[in-house]
>>> print(open('model.pdb').read())   # PDB, C-alpha atoms, pLDDT in the B column
ATOM      1  CA  MET P   1     419.198 106.977 -35.125  1.00 45.00           C
ATOM      2  CA  ALA P   2     416.656 106.229 -37.884  1.00 50.00           C
ATOM      3  CA  GLU P   3     419.449 106.380 -40.467  1.00 47.00           C
ATOM      4  CA  GLU P   4     421.488 103.937 -38.394  1.00 52.00           C
ATOM      5  CA  LEU P   5     418.563 101.500 -38.290  1.00 48.00           C
ATOM      6  CA  GLU P   6     418.100 101.529 -42.063  1.00 59.00           C
ATOM      7  CA  GLU P   7     421.785 100.950 -42.896  1.00 84.00           C
ATOM      8  CA  LYS P   8     421.975  97.440 -41.444  1.00 90.00           C
ATOM      9  CA  THR P   9     421.556  94.291 -43.502  1.00 92.00           C
ATOM     10  CA  LEU P  10     419.055  91.569 -42.677  1.00 91.00           C
ATOM     11  CA  GLU P  11     421.892  89.375 -41.442  1.00 93.00           C
ATOM     12  CA  GLU P  12     423.158  92.114 -39.125  1.00 94.00           C
ATOM     13  CA  ARG P  13     419.655  92.621 -37.738  1.00 94.00           C
ATOM     14  CA  MET P  14     419.227  88.896 -37.146  1.00 94.00           C
ATOM     15  CA  GLU P  15     422.538  88.865 -35.270  1.00 96.00           C
ATOM     16  CA  MET P  16     421.311  91.799 -33.167  1.00 95.00           C
ATOM     17  CA  LEU P  17     418.130  89.870 -32.362  1.00 95.00           C
ATOM     18  CA  THR P  18     420.185  86.852 -31.303  1.00 95.00           C
ATOM     19  CA  ASP P  19     422.276  89.056 -29.018  1.00 95.00           C
ATOM     20  CA  ILE P  20     419.148  90.626 -27.525  1.00 95.00           C
ATOM     21  CA  ILE P  21     417.620  87.202 -26.865  1.00 94.00           C
ATOM     22  CA  ASP P  22     420.831  86.020 -25.198  1.00 94.00           C
ATOM     23  CA  ARG P  23     420.861  89.089 -22.970  1.00 93.00           C
ATOM     24  CA  LEU P  24     417.182  88.724 -22.099  1.00 93.00           C
ATOM     25  CA  GLU P  25     417.739  85.097 -21.128  1.00 91.00           C
ATOM     26  CA  SER P  26     420.373  86.112 -18.591  1.00 85.00           C
ATOM     27  CA  SER P  27     418.981  86.516 -15.108  1.00 75.00           C
ATOM     28  CA  ASP P  28     421.016  89.554 -14.087  1.00 88.00           C
ATOM     29  CA  LEU P  29     419.007  92.267 -15.880  1.00 91.00           C
ATOM     30  CA  SER P  30     416.832  94.837 -14.200  1.00 92.00           C
ATOM     31  CA  LEU P  31     413.194  95.092 -15.192  1.00 92.00           C
ATOM     32  CA  ASP P  32     413.878  98.415 -16.930  1.00 95.00           C
ATOM     33  CA  GLU P  33     416.767  96.951 -18.926  1.00 94.00           C
ATOM     34  CA  SER P  34     414.700  93.885 -19.848  1.00 94.00           C
ATOM     35  CA  PHE P  35     411.874  96.114 -21.083  1.00 95.00           C
ATOM     36  CA  ARG P  36     414.274  98.290 -23.083  1.00 96.00           C
ATOM     37  CA  LEU P  37     415.813  95.213 -24.723  1.00 95.00           C
ATOM     38  CA  TYR P  38     412.367  93.775 -25.439  1.00 95.00           C
ATOM     39  CA  LYS P  39     411.327  97.000 -27.188  1.00 97.00           C
ATOM     40  CA  GLU P  40     414.579  97.071 -29.161  1.00 96.00           C
ATOM     41  CA  GLY P  41     414.096  93.438 -30.164  1.00 96.00           C
ATOM     42  CA  MET P  42     410.540  94.066 -31.327  1.00 96.00           C
ATOM     43  CA  GLN P  43     411.717  97.033 -33.388  1.00 95.00           C
ATOM     44  CA  GLN P  44     414.446  94.928 -35.009  1.00 95.00           C
ATOM     45  CA  LEU P  45     411.951  92.130 -35.672  1.00 95.00           C
ATOM     46  CA  GLN P  46     409.563  94.542 -37.407  1.00 95.00           C
ATOM     47  CA  LEU P  47     412.394  95.876 -39.561  1.00 94.00           C
ATOM     48  CA  CYS P  48     413.467  92.319 -40.461  1.00 94.00           C
ATOM     49  CA  ASN P  49     409.909  91.400 -41.398  1.00 95.00           C
ATOM     50  CA  GLY P  50     409.674  94.496 -43.584  1.00 94.00           C
ATOM     51  CA  MET P  51     412.909  93.627 -45.363  1.00 93.00           C
ATOM     52  CA  ILE P  52     411.757  90.046 -45.936  1.00 94.00           C
ATOM     53  CA  ASP P  53     408.376  91.235 -47.237  1.00 94.00           C
ATOM     54  CA  THR P  54     410.127  93.541 -49.707  1.00 93.00           C
ATOM     55  CA  VAL P  55     412.290  90.724 -51.042  1.00 92.00           C
ATOM     56  CA  GLU P  56     409.286  88.406 -51.329  1.00 93.00           C
ATOM     57  CA  LYS P  57     407.378  91.020 -53.349  1.00 93.00           C
ATOM     58  CA  GLU P  58     410.358  91.549 -55.652  1.00 91.00           C
ATOM     59  CA  LEU P  59     410.644  87.781 -56.190  1.00 91.00           C
ATOM     60  CA  GLN P  60     406.949  87.548 -57.044  1.00 91.00           C
ATOM     61  CA  ILE P  61     407.353  90.254 -59.659  1.00 89.00           C
ATOM     62  CA  ILE P  62     410.369  88.495 -61.158  1.00 90.00           C
ATOM     63  CA  GLU P  63     408.594  85.134 -61.189  1.00 89.00           C
ATOM     64  CA  GLU P  64     405.628  86.709 -62.990  1.00 87.00           C
ATOM     65  CA  GLY P  65     407.967  87.895 -65.740  1.00 85.00           C
ATOM     66  CA  GLY P  66     407.989  91.552 -64.843  1.00 69.00           C
ATOM     67  CA  THR P  67     410.607  93.794 -63.383  1.00 64.00           C
ATOM     68  CA  GLU P  68     410.498  95.480 -60.021  1.00 57.00           C
ATOM     69  CA  ASN P  69     410.477  98.897 -61.691  1.00 57.00           C
ATOM     70  CA  GLU P  70     407.108  98.318 -63.378  1.00 49.00           C
TER      71      GLU P  70
END
>>> encode(input="model.pdb", output="structure tokens")
Amino acid sequence: MAEELEEKTLEERMEMLTDIIDRLESSDLSLDESFRLYKEGMQQLQLCNGMIDTVEKELQIIEEGGTENE
């Protein structure tokens, strides 16, 4: 499952978060299902934040005239 999580693009993860939010906003979920979706959403959010942080760091390096391999 860890490999599956890492293969998705930022856009795909954002779409997953949107789907999770839509499902959580529906009133026909059990408490267990709501909690599971919440945990999944938080995991996706953390992965998205990590991907964004990586891109921001790479952009900083480029803007400073270096390369990301330095």
>>> closest_residue(input="model.pdb", among="P:Leu29, P:Leu45, P:Ile52, P:Ile62", to="Met14 (chain P)", atoms="only C-alpha atoms")
P:Leu45
>>> atom_distance(input="model.pdb", atom1="CA of Glu15 (chain P)", atom2="CA of Tyr38 (chain P)")
15.0 Å
>>> atom_distance(input="model.pdb", atom1="CA of Cys48 (chain P)", atom2="CA of Leu10 (chain P)")
6.1 Å
>>> atom_distance(input="model.pdb", atom1="CA of Asn49 (chain P)", atom2="CA of Asp28 (chain P)")
29.5 Å
>>> resolve_selection(input="model.pdb", expression="the PyMOL selection byres ((chain P and resi 40) around 12)", output="ChimeraX atom specification")
/P:5,13,16-21,23-24,33-39,41-47
>>> write_last_selection(input="model.pdb", atoms="C-alpha atoms", output="CSV table (one decimal), keeping the file's coordinate frame")
chain,number,residue,atom,x,y,z
P,5,LEU,CA,418.6,101.5,-38.3
P,13,ARG,CA,419.7,92.6,-37.7
P,16,MET,CA,421.3,91.8,-33.2
P,17,LEU,CA,418.1,89.9,-32.4
P,18,THR,CA,420.2,86.9,-31.3
P,19,ASP,CA,422.3,89.1,-29.0
P,20,ILE,CA,419.1,90.6,-27.5
P,21,ILE,CA,417.6,87.2,-26.9
P,23,ARG,CA,420.9,89.1,-23.0
P,24,LEU,CA,417.2,88.7,-22.1
P,33,GLU,CA,416.8,97.0,-18.9
P,34,SER,CA,414.7,93.9,-19.8
P,35,PHE,CA,411.9,96.1,-21.1
P,36,ARG,CA,414.3,98.3,-23.1
P,37,LEU,CA,415.8,95.2,-24.7
P,38,TYR,CA,412.4,93.8,-25.4
P,39,LYS,CA,411.3,97.0,-27.2
P,41,GLY,CA,414.1,93.4,-30.2
P,42,MET,CA,410.5,94.1,-31.3
P,43,GLN,CA,411.7,97.0,-33.4
P,44,GLN,CA,414.4,94.9,-35.0
P,45,LEU,CA,412.0,92.1,-35.7
P,46,GLN,CA,409.6,94.5,-37.4
P,47,LEU,CA,412.4,95.9,-39.6
>>> axis_aligned_box(input="model.pdb", around="region 42-49 of chain P", padding_each_side="4 Å", output="JSON")
{"center_x": 412.0, "center_y": 94.2, "center_z": -36.4, "size_x": 12.9, "size_y": 13.6, "size_z": 18.1}
>>> decode(input="model.pdb", residues="chain P", atoms="C-alpha atoms", output="JSON list (two decimals), in the first residue's frame")
[["chain", "number", "residue", "atom", "x", "y", "z"],
["P", 1, "MET", "CA", 0.00, 0.00, 0.00],
["P", 2, "ALA", "CA", 2.91, 2.40, 0.65],
["P", 3, "GLU", "CA", 4.00, 2.02, -2.98],
["P", 4, "GLU", "CA", 0.47, 2.83, -4.12],
["P", 5, "LEU", "CA", 0.46, 6.01, -2.03],
["P", 6, "GLU", "CA", 3.73, 7.27, -3.50],
["P", 7, "GLU", "CA", 2.73, 6.69, -7.15],
["P", 8, "LYS", "CA", -0.04, 9.30, -7.22],
["P", 9, "THR", "CA", 0.44, 12.84, -8.46],
["P", 10, "LEU", "CA", -0.45, 15.91, -6.42],
["P", 11, "GLU", "CA", -3.49, 16.45, -8.61],
["P", 12, "GLU", "CA", -4.69, 12.89, -8.04],
["P", 13, "ARG", "CA", -4.25, 13.29, -4.28],
["P", 14, "MET", "CA", -6.18, 16.56, -4.30],
["P", 15, "GLU", "CA", -9.00, 14.84, -6.18],
["P", 16, "MET", "CA", -8.97, 12.06, -3.56],
["P", 17, "LEU", "CA", -9.23, 14.68, -0.81],
["P", 18, "THR", "CA", -12.19, 16.29, -2.57],
["P", 19, "ASP", "CA", -13.91, 12.91, -2.81],
["P", 20, "ILE", "CA", -13.24, 12.21, 0.87],
["P", 21, "ILE", "CA", -14.67, 15.59, 1.87],
["P", 22, "ASP", "CA", -17.78, 14.98, -0.24],
["P", 23, "ARG", "CA", -18.28, 11.59, 1.40],
["P", 24, "LEU", "CA", -17.73, 12.99, 4.89],
["P", 25, "GLU", "CA", -20.30, 15.70, 4.24],
["P", 26, "SER", "CA", -22.95, 13.10, 3.45],
["P", 27, "SER", "CA", -25.07, 12.21, 6.44],
["P", 28, "ASP", "CA", -25.38, 8.49, 5.77],
["P", 29, "LEU", "CA", -21.97, 7.35, 7.07],
["P", 30, "SER", "CA", -21.39, 5.37, 10.22],
["P", 31, "LEU", "CA", -19.07, 6.76, 12.86],
["P", 32, "ASP", "CA", -16.48, 4.09, 12.01],
["P", 33, "GLU", "CA", -16.60, 4.93, 8.31],
["P", 34, "SER", "CA", -16.38, 8.66, 9.05],
["P", 35, "PHE", "CA", -13.32, 8.08, 11.23],
["P", 36, "ARG", "CA", -11.67, 5.88, 8.60],
["P", 37, "LEU", "CA", -12.26, 8.53, 5.92],
["P", 38, "TYR", "CA", -10.96, 11.26, 8.23],
["P", 39, "LYS", "CA", -7.74, 9.31, 8.82],
["P", 40, "GLU", "CA", -7.36, 8.65, 5.09],
["P", 41, "GLY", "CA", -7.93, 12.34, 4.35],
["P", 42, "MET", "CA", -5.34, 13.42, 6.90],
["P", 43, "GLN", "CA", -2.83, 10.98, 5.41],
["P", 44, "GLN", "CA", -3.47, 12.33, 1.91],
["P", 45, "LEU", "CA", -3.17, 15.91, 3.19],
["P", 46, "GLN", "CA", 0.20, 15.15, 4.79],
["P", 47, "LEU", "CA", 1.44, 13.59, 1.56],
["P", 48, "CYS", "CA", 0.23, 16.61, -0.44],
["P", 49, "ASN", "CA", 1.97, 18.99, 1.95],
["P", 50, "GLY", "CA", 5.18, 16.99, 1.62],
["P", 51, "MET", "CA", 5.00, 17.11, -2.17],
["P", 52, "ILE", "CA", 4.37, 20.86, -2.12],
["P", 53, "ASP", "CA", 7.25, 21.42, 0.31],
["P", 54, "THR", "CA", 9.58, 19.49, -1.98],
["P", 55, "VAL", "CA", 8.62, 21.59, -4.99],
["P", 56, "GLU", "CA", 9.01, 24.81, -3.01],
["P", 57, "LYS", "CA", 12.52, 23.79, -1.92],
["P", 58, "GLU", "CA", 13.48, 22.93, -5.50],
["P", 59, "LEU", "CA", 12.18, 26.31, -6.69],
["P", 60, "GLN", "CA", 14.20, 28.11, -4.02],
["P", 61, "ILE", "CA", 17.34, 26.35, -5.17],
["P", 62, "ILE", "CA", 16.64, 27.26, -8.80],
["P", 63, "GLU", "CA", 15.90, 30.88, -7.91],
["P", 64, "GLU", "CA", 19.19, 31.10, -6.01],
["P", 65, "GLY", "CA", 21.04, 30.02, -9.15],
["P", 66, "GLY", "CA", 21.88, 26.51, -8.06],
["P", 67, "THR", "CA", 20.65, 23.15, -9.15],
["P", 68, "GLU", "CA", 18.68, 20.70, -7.08],
["P", 69, "ASN", "CA", 21.53, 18.19, -7.27],
["P", 70, "GLU", "CA", 23.95, 20.42, -5.36]]
